[in-house]
Amino acid sequence: MKEHPDAQYYIRGIELPETEVSTDLEPWGETRVVGKPLPRVDGYERVSGTAVYPADLTLPGMLYGAILRCPHPHAMVTAVDVRRAAAMPGVRAALTAFTPLDRATRPHADMIRTQLFDPHCRFQGEAVAAVAAETAYQARDALRAIQVQYEERPFLADERKALEPGAPQVRDSGNQAGETQVYQRGDVARGFAEADVVLDQEYRNECEIHTPMELHGCVARWDGDRLTLWESTQGVYNVQMQVAATLGMPFSLVRVVGHYMGGGFGSKLQTSKYSVVAALLAKTTARPVKLVLTREETLLAVGNRPASNMRLKAGVKRDGTITAMQFWGSGASGSEPAGGVSLLDWPVRDTYTCANVRTELTDLLINAGPARPFRAPGHPQGAWALEQMMDALAEAIGMDPVALRVRNVPTVSQARGNVPYTSTGLRQCLEQGAAAFGWDAVRAEIARQGNRGTVKRGVGVAAGLWVAGGGGPPSTAVVKIFADGSVNLNMGASDIGTGTKTVMAMVVAEELGVAPDAVEIEHADTGSTQFATGSGGSKTVPTESPAVRAAAVDVKRQLLELAAEELKVEVSTLTLRDGKVVSTQDPAVTRSLTELQGLRRRRSLTGVGYRGPNPANKAVTPFAAQFCEVEVDTASGEVRVVRFVAAHDSGRVMNQLTYQNQVFGGITMGIGFGLTEERVLDVDQTGKMANLNWHDYKLPTMLDVPADMTCVPIDPKDTECNATGAKGIGEPATIPTAAAIGNAIYHATGVRVTHTPVDPLRLVAALAERGEG
Amino acid sequence: MLPPFSYVRAQSLDEALAQLGASDTRISAGGSDLLGCLRDEVFTCSKVVSLSRLDALRGIRDDGRGGVRIGALTTIAAVASDPVINQRYPVLAQAARAVASPQLRHQGTLGGNLCQKPRCWYYRGEFHCSRKGGSTCYALAGENQFHCILGGQGCYIVHPSDTAPALVALDATVQIAGRGGTRRVPMARFHVSPRDDIRRETVLEAGEIVTAIDIPAAPRGLRSSYRKVRARGAWDFALAGVALALQFDGATVRAGRVVLSGAAPIPWRSEAVERVIIGQALTPEVAARAGDAAVEGAQPLKRNGYKVPLFRGVVREALLALAQ
């Protein structure tokens with residue numbers, strides 16, 4: 001076990017086993033199953049309600065847990081009195097900072113750094129106590145009966161004031177998480193001196209909160225010393241290792257099952273305190289315990305995309321050469337270091353060719369809920385700055401925004417020391433996306449019509465790349481074929497709603513010549529499946545599909561060897577199709593799998609596949625360009641997103657439907673980030689969250705998302721990145737969205753709103769400042 | 001999670017009125033907000049009286065004099081899709097369509113929409129604000145981006161209803177039943193300003209039920225509309241809205257009412273706008289002056305200054321749209 005050398009955020013701090021490398025597999029030629037628009041293998045279960053999510057699970061004797069949370073942004077818990085709560089009907093356990101069990105937990109670098117119920121509460125929503133009761137209602141009632149004495153402390157709610165003299169201190173070590181990180185290549189001063197135009201602009205994004213449809217929650221049950229957790233998680237092994245470490249148990253005694261989940265987006269990559277709380281409540285009561293957070297709890301305590309403050313100075317020559325970029329970014333982790341500026345500068349560092357780049361990132365602490373990875377950490381924010389700057393530069397030198405971007409498409413990853421990409425489809429994304437959108441024609445039409453009236457039309461483009469998305473080791477997959485020809489795939493990866501199971505069934509079907517729905521899948525269970533990293537970083541398909549393919553090929557090899565022996569032909573002339581062994585040379589040579597004597601005798605054959613390393617000294621990166629059209633009512637500041645065209649190079653399209661699903665979902669989420677979503681803290685008075693519900697925290701609705709969305713997949717036929725040619729799509733899909741809208745709003749109105757969300761509040765104010773409205 | 005309460009589903013209006021005796025009894029009409037308020041401890045209650053069986057309070061009827069009577073239990077969706085309402089009173093149909101989301105419009109009632117509790121996030125949240133009996137209006141010095149620019153005093157909510165401004169514009173009357181009999185209150189006097197009483201939103205006394213809303217016959221030349229601006233496309237309250245019910249004689253506005261939503265703690269009749277437009281044709285110049293008049297005397301708070309240009313623009317554009 002060792003820390004992965006290129007540890008991305010989704011596996012940072014997690015020990016990873018090394019796996020062996022499977023034999024190199026030839027790239028697929030024409031595929032018969034992979035790439036087709038196939039419905040999900042678990043679609044029926046998901047829509048009919050027969051899929052069992054953790055919150056659906058009911059075990060005999062099960063209790064319901066609930067967590068009391070600190071109502072203040074900063075307070076010391078001086079006393080907790082649970083006597084009245086403990087005496088209430090149905091209440092079976094109460095835990096606090098002063099219960100011996102809590103003291104028995106161990107700090108974990110990635111999860112619980114102090115005590116489970118830390119008396120020093122540094123954010124509203126920190127866990128203070130927990131109960132278990134016969135019903136969920138009794139548990140909630142019991143929470144209300146717990147008497148807590150809080151000693152309120154001065155709080156800091158606005159990270160922009162974190163480093164001011166006299167600011168309330170979030171931690172004794174101060175309000176900055178670590179040193180300011182500096183990245184530099186070339187000489188920006190020289191680059192700015194060479195520029196014909198230098199622009200300098202500040203940008204800000206408000207904090208976006210994780211709100212997956214499925215609430216965070218789990219069921220915990222002990223069988224002797226063995227703990228089983230049914231968990232809503234993106235990675236069962238992450239939870240296993242973190243819970244085991246916290247409770248001081250061997251990994252083998254912690255079984256985590258996560259068969260279905262209803263959205264994670266990064267907030268369920270790591271374990272939350274509630275899972276340990278559920279385990280302790282179950283241990284105390286010797287009963288299974290279900291603990292599902294409320295929506296309010298999730299808004300407070302399980303992660304967000306932190307607010308970001310950015311400044312970008314960029315220089316360009318008249319011919320479109322970008323001579324220098326200097327970027328300053330700050331954000332807030334929350335009350336402990338949690339990646340408040342994670343990857344914020346990556347778009348600036350790596351999206352466009354530029355010899356002179358300097359970035360500085362400062363991660364700050366505030367008394368508010370923690371940051372967590374959020375669908376492309378740092379990237380939509382960084383793209384919000386970079387991509388609007390690209391438009392401003394293009395305008396300043398009189399160049400088309402698409403042309404300026406195409407002019408600066410890189411072929412190497414500059415931020416990684418100029419290593420080449422295995423494939424780079426950014427140019428095609430821009431050019432084919434523009435063609436599909438009708439970029440030139442619609443811009444000419446708007447220019448011709450003159451955009452009179454209060455409702456103004458505009459179009460915008462933004463591009464992007466995603467730092468991860470190439471996947472990598474480790475992963476182990478097992479494919480079994482039974483004597484009746486049916487197939488079982490065993491893998492540790494979670495299907496977080498993206499269609500992982502469907503894609504993997506298609507990979508097996510491709511190799512074994514069976515129908516995808518004939519492939520039964522065991523997955524996401526540390527007790528019965530193989531190790532997999534968490535499903536995050538847009539790396540699940542590029543990580544798992546080569547391992548699954550290798551396992552299927554291993555079974556196939558064994559089957560064909562058996563068949564060759566029985567059919568007395570060369571093994572190289574045989575392949576599998578429609579449940580049969582067939583010859584590629586002689587149609588008469590064929591044998592049904594069920595008639596293979598070797599398979600009948602053995603009852604089953606097992607193939608094992610491993611994820612090999614990525615190509616040395618290469619970068620595997622997905623690219624994207626999105627185009628949108630908006631209508632802006634300049635009297636009201638309302639923005640209607642009329643249509644989107646999204647061109648993505650995420651390598652091979654494994655399934656057209658799940659691919660499109662990711663793209664449309666990414667655009668939807670990007671619309672929320674750009675136009676509607678914002679955590680509002682009562683910064684001037686109490687520091688508490690004001691919009692602590694799903695009405696005031698405004699997710700986009702169906703009416704905010706255009707019906708007209710087009711997905712343009714760009715497949716660069718990448719034969720180097722891995723054995724299936726797939727790169728990640730989940731996160732790239734949301735990176736350019738908000739910036740494309742911002743550029744379209746500018747095109748429509750001539751007003752650049754640099755602060756998200758661009759809702760009527762901000763836009764009407766910006767228009768009024770310019771003398772409109 | 002909820003306070004313990006008893007539940008009565010009244011079989012008749014008389015029974016409902018008899019059941020409403022206790023002081024902390026709450027009425028459930030559509031019930032779309034009651035449980036949320038109880039769960040969030042906005043208020044407490046010991047008894048809930050459901051009106052769901054009172055079919056007599058449901059439906060839209062011609063009053064025989066050219067007007068209509070809308071039962072208080074008529075759903076918002078029924079109001080929105082009613083042909084007579086759409087034909088005679090577009091402002092009300094449009095306002096009903098602008099309410100919340102399809103699910104809530106099918107569940108929520110017109111009476112409930114008029115009697116709904118404020119949506120101020122301090123009032124709804126864990127803040128013991130003045131309206132809940134505390135001594136502080138947190139909105140005054142806090143996050144007041146969604147709060148009022150007109151009519152605030154001690155409390156700075158905006159009234160959340162879309163249908164109420166439409167009904168004020170139409171000069172509707174609320175029919176109220178109590179144990180002592182019935183009374184009628186003009187819509188314009190139904191809601192209570194915090195200047196008069198910070199603890200209540202309507203003139204309803206304990207034990208009273210809204211039974212119907214009467215809308216008088218549409219006068220000759222009536223044109224009406226409702227325009228609502230919100231931060232997202234659905235399931236959201238007005239940042240700014242305007243209900244117009246104007247009588248035209250040719251191009252000239254002869255009479256009528258202009259009522260703002262999202263502006264004040266009550267549906268805000270803007271006589272300042274009416275003064276500008278009555279007797280005038282709605283030219284761009286008149287509409288612009290009307291927009292300016294809409295925000296005369298506005299007192300924006302720290303974070304809702306945007307509402308001044310917003311109302312200016314929305315009132316102007318709504319008038320121009322109605323004039324076409």
# chains A, B, ... in the order shown; residues from 1 in each chain; ligands from 1
$ interface_residues --of "chain A" --to "chain B" --cutoff "7 Å" --atoms "only C-alpha atoms" --output "PyMOL selection string"
chain A and resi 137+140-141+635-636+676+682+684-685+690-691+700-701+703-704+759-761+764-765+768+773
$ select_by_dssp --residues "segment 130-197 of chain A" --states "helix (DSSP H, G or I)" --output "list in words"
Ala136, Tyr137, Gln138, Ala139, Arg140, Asp141, Ala142, Leu143, Arg144, Ala145, Glu159, Arg160, Lys161, Val188, Ala189, Arg190, Gly191, Phe192, Ala193 and Glu194 of chain A
$ residues_around --residues "segment 608-617 of chain A" --least-positions-apart "4" --cutoff "10 Å" --atoms "only C-alpha atoms" --output "PyMOL selection string"
chain A and resi 18-24+416-422+470-480+490+542-555+720-723
$ atom_distance --atom1 "atom CA of His72 of chain A" --atom2 "atom CA of Ala167 of chain A"
17.5 Å
$ select_by_dssp --residues "segment 470-700 of chain A" --states "strand (DSSP E or B)" --output "PyMOL selection string"
chain A and resi 475-482+487-491+519-523+525+532+574-577+580-583+590-592+604-610+619+623-633+638-649+651+655+681+689
$ residues_around --residues "segment 30-42 of chain B" --least-positions-apart "5" --cutoff "10 Å" --atoms "only C-alpha atoms" --output "PyMOL selection string"
chain B and resi 1-3+48+50-52+73-76+103-113+116-117+122-128+131-132
$ residues_around --residues "segment 742-749 of chain A" --least-positions-apart "3" --cutoff "9 Å" --atoms "only C-alpha atoms" --output "VMD selection string"
chain A and resid 384 387 to 388 391 to 392 446 451 455 to 462 627 to 632 634 639 674 737 to 739 752 to 754 758 767
$ closest_residue --among "A:Arg602, A:His216, A:His379, A:Lys539" --to "Arg295 of chain A" --atoms "only C-alpha atoms"
A:His216
